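Below is one structure, written out as structure tokens, with a few remarks after it.
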Amino acid sequence: MMSHAGYTYHRQLMGTTISLTLFVDHKIAAQAVFTLLEQLEDIFTVNRQHSQIMAINRAAGQHPVAVDGLVFDLIYQAKQASLLPNSYFNLAIGPLVKLWKIGFNGHSVPNAIDIQQRLALTDPRLVELNANARTVFLKKAGMALDLGAIAKGYIADLVKVMLDGYGISQAMINLGGNVLTIGNSPISADHHWRIGLKKPFTTDDSLLGIIKVKNKSVVTSGIYERYFIQDQQLYHHIIDPQTGYPLDNELQSLTIIAPTSLAGDVYSTVIFGMGIKTAITYLKQLNSIAAIFVTKDQKIILHTKQQYDFEQLDHQYQLINDYI
Ligand code: AMP
Ligand code: MG
């Protein structure tokens with residue numbers, strides 16, 4: 001579709017609406033991107049029996065499984081993220097995600113004994129990687145990888161490489177809550193891309209504000225994305241690897257602005273459970289990462305090292321600019 005905002009191509013994939021914005025009408029490149037996305041979804045998903053991740057999960061406790069280079073690389077990166085000190089990211093969270101079924105039919109609060117049993121199957125150190133043979137082995141029966149918190153980021157970065165191959169150096173790819181901007185925006189006077197920050201728990205795409213970035217990824221994890229309510233209590237899809245229950249702190253969402261979409265996707269989960277105070281201390285060591293915390297008591301806290309322009313749209317929330 002042609003508009004003043006460039007050429008935008010849409011496709012339903014990976015459980016969401018994917019959009020790709022270009023500034024030349026390059027249908028071949030757009031088609032190649034969507035084909036790549038289809039192929040990658042097919043190998044990374046845990047929702048299809050024939051995916052490579054499912055092959056690894058089925059062989060848990062039995063034998064290592066040889067995988068493609070990209071799959072191995074993503075699992076390697078996911079393991080690294082899981083082993084970071086105090087990380088809330090865990091690539092072996094699969095047994096708990098399956099138990100909770102959040103976002104799928106039949107969800108309900110599991111009983112505490114089942115949660116304890118599944119917790120014993122989520123130690124990321126039991127994901128054994130052999131780089132020479134390119135194999136992955138889950139050492140206990142019942143273990144399962146879940147790359148849902150990292151795959152989109154990894155994939156968005158691959159799209160950038162592919163577009164580069166077509167000579168495209170200005171583009172935006174949106175994988176649903178996971179945006180990667182490539183180069184400058186040719187259509188705004190200040191050359192920045194305008195990325196909306198979603199208002200939690202609204203169904204009509206309301207925005208809290210707009211963050212302006214260039215050549216950066218903007219990735220949001222939020223408790224409103226997939227959840228259910230039971231006995232007035234909200235249960236969402238980001239699981240605390242220590243307790244086996246959904247992470248419970250002051251946050252509604254956490255947005256990470258990072259040079260790569262992989263970093264954005266990783267850190268939005270690594271940090272989510274820390275809560276704001278610890279997260280801010282943690283972020284001080286990471287030079288290229290900025291964060292936007294949205295809290296249950298309606299604050300938007302911008303934690304950045306370079307000055308970002310944030311246009312507030314929703315004034316029910318209080319904006320706190322923690323620019324250091
Ligand atoms: P995201 O959409 O990036 O916030 O990731 C959420 C998805 O990651 C969930 O739907 C699960 O598939 C998976 N997940 C849930 N909890 C964790 C966790 N603690 N570490 C890694 N992945 C998780
Ligand atoms: Mg993530």
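Here, A, B, ... name the chains of the structure tokens in the order displayed, residue numbers run from 1 inside each chain, and ligands are numbered from 1 in the same displayed order.
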Using only C-alpha atoms and all ligand atoms, find each residue of chain A with at least one atom at most 6 Å away from an atom of ligand 2; report its shortest atom-to-atom pair and that distance in Å (one decimal), sort the rows by chain and rising residue number, and return the result as JSON lines.
{"residue": "A:Ala149", "atom": "CA", "partner": "ligand 2", "partner_atom_place_in_ligand_line": "1 (Mg)", "distance": 3.7}
{"residue": "A:Ile150", "atom": "CA", "partner": "ligand 2", "partner_atom_place_in_ligand_line": "1 (Mg)", "distance": 5.0}
{"residue": "A:Ser221", "atom": "CA", "partner": "ligand 2", "partner_atom_place_in_ligand_line": "1 (Mg)", "distance": 5.9}
{"residue": "A:Asp265", "atom": "CA", "partner": "ligand 2", "partner_atom_place_in_ligand_line": "1 (Mg)", "distance": 3.7}
{"residue": "A:Val266", "atom": "CA", "partner": "ligand 2", "partner_atom_place_in_ligand_line": "1 (Mg)", "distance": 5.3}
{"residue": "A:Ser268", "atom": "CA", "partner": "ligand 2", "partner_atom_place_in_ligand_line": "1 (Mg)", "distance": 5.3}
{"residue": "A:Thr269", "atom": "CA", "partner": "ligand 2", "partner_atom_place_in_ligand_line": "1 (Mg)", "distance": 5.1}
Hey, which residues sit close to ligand 1? Say within 6 Å, counting only C-alpha atoms and all ligand atoms, and write them as a PDB file with all heavy atoms, in the first residue's frame.
ATOM      1  N   TYR A  88      16.047 -12.791  34.853  1.00  0.00           N
ATOM      2  CA  TYR A  88      14.707 -13.370  34.913  1.00  0.00           C
ATOM      3  C   TYR A  88      14.361 -14.095  33.622  1.00  0.00           C
ATOM      4  O   TYR A  88      13.260 -14.596  33.466  1.00  0.00           O
ATOM      5  CB  TYR A  88      13.664 -12.283  35.219  1.00  0.00           C
ATOM      6  CG  TYR A  88      13.698 -11.931  36.688  1.00  0.00           C
ATOM      7  CD1 TYR A  88      14.631 -11.020  37.170  1.00  0.00           C
ATOM      8  CD2 TYR A  88      12.845 -12.556  37.586  1.00  0.00           C
ATOM      9  CE1 TYR A  88      14.710 -10.725  38.518  1.00  0.00           C
ATOM     10  CE2 TYR A  88      12.917 -12.271  38.935  1.00  0.00           C
ATOM     11  CZ  TYR A  88      13.845 -11.357  39.394  1.00  0.00           C
ATOM     12  OH  TYR A  88      13.920 -11.080  40.731  1.00  0.00           O
ATOM     13  N   PHE A  89      15.321 -14.112  32.733  1.00  0.00           N
ATOM     14  CA  PHE A  89      15.137 -14.820  31.465  1.00  0.00           C
ATOM     15  C   PHE A  89      15.557 -16.270  31.663  1.00  0.00           C
ATOM     16  O   PHE A  89      16.593 -16.540  32.247  1.00  0.00           O
ATOM     17  CB  PHE A  89      16.021 -14.164  30.401  1.00  0.00           C
ATOM     18  CG  PHE A  89      15.818 -14.700  29.023  1.00  0.00           C
ATOM     19  CD1 PHE A  89      15.058 -14.001  28.110  1.00  0.00           C
ATOM     20  CD2 PHE A  89      16.385 -15.906  28.635  1.00  0.00           C
ATOM     21  CE1 PHE A  89      14.865 -14.502  26.830  1.00  0.00           C
ATOM     22  CE2 PHE A  89      16.189 -16.408  27.361  1.00  0.00           C
ATOM     23  CZ  PHE A  89      15.430 -15.694  26.461  1.00  0.00           C
ATOM     24  N   ASN A  90      14.763 -17.193  31.168  1.00  0.00           N
ATOM     25  CA  ASN A  90      15.137 -18.605  31.253  1.00  0.00           C
ATOM     26  C   ASN A  90      14.638 -19.343  30.012  1.00  0.00           C
ATOM     27  O   ASN A  90      13.437 -19.505  29.814  1.00  0.00           O
ATOM     28  CB  ASN A  90      14.533 -19.218  32.525  1.00  0.00           C
ATOM     29  CG  ASN A  90      14.949 -20.660  32.707  1.00  0.00           C
ATOM     30  OD1 ASN A  90      15.404 -21.311  31.769  1.00  0.00           O
ATOM     31  ND2 ASN A  90      14.783 -21.167  33.911  1.00  0.00           N
ATOM     32  N   LEU A  91      15.582 -19.782  29.190  1.00  0.00           N
ATOM     33  CA  LEU A  91      15.186 -20.437  27.924  1.00  0.00           C
ATOM     34  C   LEU A  91      14.530 -21.795  28.153  1.00  0.00           C
ATOM     35  O   LEU A  91      13.879 -22.326  27.255  1.00  0.00           O
ATOM     36  CB  LEU A  91      16.398 -20.591  26.988  1.00  0.00           C
ATOM     37  CG  LEU A  91      17.325 -21.807  27.148  1.00  0.00           C
ATOM     38  CD1 LEU A  91      18.189 -21.981  25.919  1.00  0.00           C
ATOM     39  CD2 LEU A  91      18.178 -21.718  28.379  1.00  0.00           C
ATOM     40  N   ILE A  93      12.140 -22.412  30.283  1.00  0.00           N
ATOM     41  CA  ILE A  93      10.898 -22.153  31.019  1.00  0.00           C
ATOM     42  C   ILE A  93       9.704 -22.956  30.461  1.00  0.00           C
ATOM     43  O   ILE A  93       8.615 -22.958  31.044  1.00  0.00           O
ATOM     44  CB  ILE A  93      10.593 -20.622  30.994  1.00  0.00           C
ATOM     45  CG1 ILE A  93       9.678 -20.193  32.133  1.00  0.00           C
ATOM     46  CG2 ILE A  93      10.048 -20.174  29.655  1.00  0.00           C
ATOM     47  CD1 ILE A  93      10.341 -20.012  33.448  1.00  0.00           C
ATOM     48  N   ASP A 146      11.632 -22.789  25.435  1.00  0.00           N
ATOM     49  CA  ASP A 146      10.628 -21.850  24.943  1.00  0.00           C
ATOM     50  C   ASP A 146      11.373 -20.578  24.556  1.00  0.00           C
ATOM     51  O   ASP A 146      11.952 -19.919  25.418  1.00  0.00           O
ATOM     52  CB  ASP A 146       9.593 -21.558  26.036  1.00  0.00           C
ATOM     53  CG  ASP A 146       8.477 -20.657  25.516  1.00  0.00           C
ATOM     54  OD1 ASP A 146       8.782 -19.677  24.799  1.00  0.00           O
ATOM     55  OD2 ASP A 146       7.312 -20.923  25.827  1.00  0.00           O
ATOM     56  N   GLY A 148      10.016 -17.979  23.021  1.00  0.00           N
ATOM     57  CA  GLY A 148       9.026 -16.930  22.748  1.00  0.00           C
ATOM     58  C   GLY A 148       9.471 -15.535  23.165  1.00  0.00           C
ATOM     59  O   GLY A 148       9.039 -14.547  22.587  1.00  0.00           O
ATOM     60  N   ALA A 149      10.356 -15.448  24.140  1.00  0.00           N
ATOM     61  CA  ALA A 149      10.764 -14.136  24.642  1.00  0.00           C
ATOM     62  C   ALA A 149      11.933 -13.546  23.862  1.00  0.00           C
ATOM     63  O   ALA A 149      12.355 -12.424  24.131  1.00  0.00           O
ATOM     64  CB  ALA A 149      11.137 -14.241  26.122  1.00  0.00           C
ATOM     65  N   ILE A 150      12.458 -14.273  22.903  1.00  0.00           N
ATOM     66  CA  ILE A 150      13.677 -13.819  22.230  1.00  0.00           C
ATOM     67  C   ILE A 150      13.613 -13.970  20.711  1.00  0.00           C
ATOM     68  O   ILE A 150      14.275 -13.236  19.969  1.00  0.00           O
ATOM     69  CB  ILE A 150      14.896 -14.606  22.805  1.00  0.00           C
ATOM     70  CG1 ILE A 150      16.232 -14.083  22.326  1.00  0.00           C
ATOM     71  CG2 ILE A 150      14.777 -16.088  22.492  1.00  0.00           C
ATOM     72  CD1 ILE A 150      17.427 -14.787  22.964  1.00  0.00           C
ATOM     73  N   SER A 221       7.782  -5.601  26.634  1.00  0.00           N
ATOM     74  CA  SER A 221       7.167  -6.761  27.289  1.00  0.00           C
ATOM     75  C   SER A 221       6.128  -6.207  28.243  1.00  0.00           C
ATOM     76  O   SER A 221       6.399  -5.256  28.973  1.00  0.00           O
ATOM     77  CB  SER A 221       8.202  -7.544  28.095  1.00  0.00           C
ATOM     78  OG  SER A 221       8.944  -8.375  27.248  1.00  0.00           O
ATOM     79  N   HIS A 237       1.681 -13.705  31.211  1.00  0.00           N
ATOM     80  CA  HIS A 237       2.500 -14.716  30.504  1.00  0.00           C
ATOM     81  C   HIS A 237       3.999 -14.662  30.766  1.00  0.00           C
ATOM     82  O   HIS A 237       4.754 -15.430  30.172  1.00  0.00           O
ATOM     83  CB  HIS A 237       2.224 -14.629  29.001  1.00  0.00           C
ATOM     84  CG  HIS A 237       2.787 -13.378  28.369  1.00  0.00           C
ATOM     85  ND1 HIS A 237       3.260 -13.355  27.081  1.00  0.00           N
ATOM     86  CD2 HIS A 237       2.962 -12.134  28.863  1.00  0.00           C
ATOM     87  CE1 HIS A 237       3.698 -12.137  26.811  1.00  0.00           C
ATOM     88  NE2 HIS A 237       3.524 -11.384  27.854  1.00  0.00           N
ATOM     89  N   ILE A 238       4.448 -13.754  31.620  1.00  0.00           N
ATOM     90  CA  ILE A 238       5.891 -13.721  31.907  1.00  0.00           C
ATOM     91  C   ILE A 238       6.107 -14.371  33.275  1.00  0.00           C
ATOM     92  O   ILE A 238       5.675 -13.862  34.304  1.00  0.00           O
ATOM     93  CB  ILE A 238       6.445 -12.287  31.876  1.00  0.00           C
ATOM     94  CG1 ILE A 238       6.047 -11.599  30.558  1.00  0.00           C
ATOM     95  CG2 ILE A 238       7.965 -12.314  32.034  1.00  0.00           C
ATOM     96  CD1 ILE A 238       6.310 -10.112  30.544  1.00  0.00           C
ATOM     97  N   ILE A 239       6.748 -15.521  33.238  1.00  0.00           N
ATOM     98  CA  ILE A 239       6.837 -16.368  34.428  1.00  0.00           C
ATOM     99  C   ILE A 239       8.135 -16.075  35.191  1.00  0.00           C
ATOM    100  O   ILE A 239       9.203 -15.945  34.587  1.00  0.00           O
ATOM    101  CB  ILE A 239       6.819 -17.862  34.020  1.00  0.00           C
ATOM    102  CG1 ILE A 239       5.618 -18.181  33.118  1.00  0.00           C
ATOM    103  CG2 ILE A 239       6.858 -18.775  35.244  1.00  0.00           C
ATOM    104  CD1 ILE A 239       4.278 -18.151  33.805  1.00  0.00           C
ATOM    105  N   ASP A 240       8.026 -15.989  36.505  1.00  0.00           N
ATOM    106  CA  ASP A 240       9.204 -15.831  37.350  1.00  0.00           C
ATOM    107  C   ASP A 240       9.905 -17.189  37.461  1.00  0.00           C
ATOM    108  O   ASP A 240       9.322 -18.140  37.995  1.00  0.00           O
ATOM    109  CB  ASP A 240       8.751 -15.356  38.746  1.00  0.00           C
ATOM    110  CG  ASP A 240       9.928 -15.089  39.663  1.00  0.00           C
ATOM    111  OD1 ASP A 240      11.025 -15.628  39.411  1.00  0.00           O
ATOM    112  OD2 ASP A 240       9.733 -14.349  40.645  1.00  0.00           O
ATOM    113  N   PRO A 241      11.128 -17.292  36.929  1.00  0.00           N
ATOM    114  CA  PRO A 241      11.786 -18.602  36.927  1.00  0.00           C
ATOM    115  C   PRO A 241      12.127 -19.101  38.346  1.00  0.00           C
ATOM    116  O   PRO A 241      12.403 -20.282  38.511  1.00  0.00           O
ATOM    117  CB  PRO A 241      13.075 -18.374  36.134  1.00  0.00           C
ATOM    118  CG  PRO A 241      13.046 -16.986  35.641  1.00  0.00           C
ATOM    119  CD  PRO A 241      11.940 -16.241  36.303  1.00  0.00           C
ATOM    120  N   ASP A 265      14.816  -7.534  23.021  1.00  0.00           N
ATOM    121  CA  ASP A 265      13.953  -8.642  23.425  1.00  0.00           C
ATOM    122  C   ASP A 265      14.533  -9.353  24.651  1.00  0.00           C
ATOM    123  O   ASP A 265      13.812  -9.710  25.578  1.00  0.00           O
ATOM    124  CB  ASP A 265      13.795  -9.626  22.258  1.00  0.00           C
ATOM    125  CG  ASP A 265      12.382 -10.151  22.140  1.00  0.00           C
ATOM    126  OD1 ASP A 265      11.535  -9.778  22.970  1.00  0.00           O
ATOM    127  OD2 ASP A 265      12.125 -10.952  21.227  1.00  0.00           O
TER     128      ASP A 265
END
**Near-Asp205 in chain A list (12 Å; only C-alpha atoms; drop same-chain fewer than 6 positions) as a PyMOL selection string** = chain A and resi 176-177+196-199
**Request:** Find the residue from A:Asn57, A:Thr295, A:Ser217, A:Thr181 that sits nearest to Asp248 in chain A; use only C-alpha atoms when measuring.
**Result:**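 Closest to Asp248 in chain A, using only C-alpha atoms: A:Thr295.
Proximity to Arg118 in chain A was assessed for A:Thr35, A:Thr243, A:Asn178, A:Gln233 counting only C-alpha atoms; the smallest distance is recorded for A:Thr243.
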**Asked** Which is closer to Ala59 in chain A than all the others in A:Leu283, A:Ile187, A:Ala141, A:Val270, using only C-alpha atoms?
**Response**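 Closest candidate: A:Ala141.
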**Item:** Selected residue, from A:Phe137, A:Trp193, A:Tyr9, A:Tyr308, that lies nearest to Leu22 in chain A when counting only C-alpha atoms
**Value:** A:Tyr9
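When only C-alpha atoms are used to measure the gap to Ala263 in chain A, the shortest distance among A:Val219, A:Ala60, A:Val294, A:Ala92 belongs to A:Val219.
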Going by DSSP on the backbone, which bits of range 270-324 of chain A are strand (DSSP E or B)? Write them as a PDB file with C-alpha atoms, in the first residue's frame, please.
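The resulting selection19.pdb:
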ATOM      1  CA  ALA A 290      17.518   2.736  27.494  1.00  0.00           C
ATOM      2  CA  ALA A 291      14.290   1.747  29.234  1.00  0.00           C
ATOM      3  CA  ILE A 292      10.747   2.983  29.684  1.00  0.00           C
ATOM      4  CA  PHE A 293       8.985   1.581  32.753  1.00  0.00           C
ATOM      5  CA  VAL A 294       5.207   1.811  32.946  1.00  0.00           C
ATOM      6  CA  THR A 295       3.868   1.134  36.438  1.00  0.00           C
ATOM      7  CA  LYS A 299       3.852   6.405  36.049  1.00  0.00           C
ATOM      8  CA  ILE A 300       5.957   6.414  32.917  1.00  0.00           C
ATOM      9  CA  ILE A 301       9.608   6.415  33.908  1.00  0.00           C
ATOM     10  CA  LEU A 302      12.081   7.154  31.156  1.00  0.00           C
ATOM     11  CA  HIS A 303      15.522   5.897  31.976  1.00  0.00           C
ATOM     12  CA  THR A 304      17.952   6.989  29.278  1.00  0.00           C
ATOM     13  CA  ASP A 309      12.290  12.810  22.737  1.00  0.00           C
ATOM     14  CA  PHE A 310       9.096  11.425  24.265  1.00  0.00           C
ATOM     15  CA  GLU A 311       5.769  12.959  23.385  1.00  0.00           C
ATOM     16  CA  GLN A 312       3.238  12.210  26.092  1.00  0.00           C
ATOM     17  CA  GLN A 318       2.697  10.865  35.258  1.00  0.00           C
ATOM     18  CA  LEU A 319       5.876  11.220  33.196  1.00  0.00           C
ATOM     19  CA  ILE A 320       9.167  11.013  35.073  1.00  0.00           C
ATOM     20  CA  ASN A 321      12.258  11.748  33.062  1.00  0.00           C
ATOM     21  CA  ASP A 322      15.215  10.013  34.588  1.00  0.00           C
ATOM     22  CA  TYR A 323      17.804  11.240  32.085  1.00  0.00           C
TER      23      TYR A 323
END
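The interatomic distance for the pair CA of Leu262 in chain A and CA of Ile56 in chain A works out to 21.9 Å.
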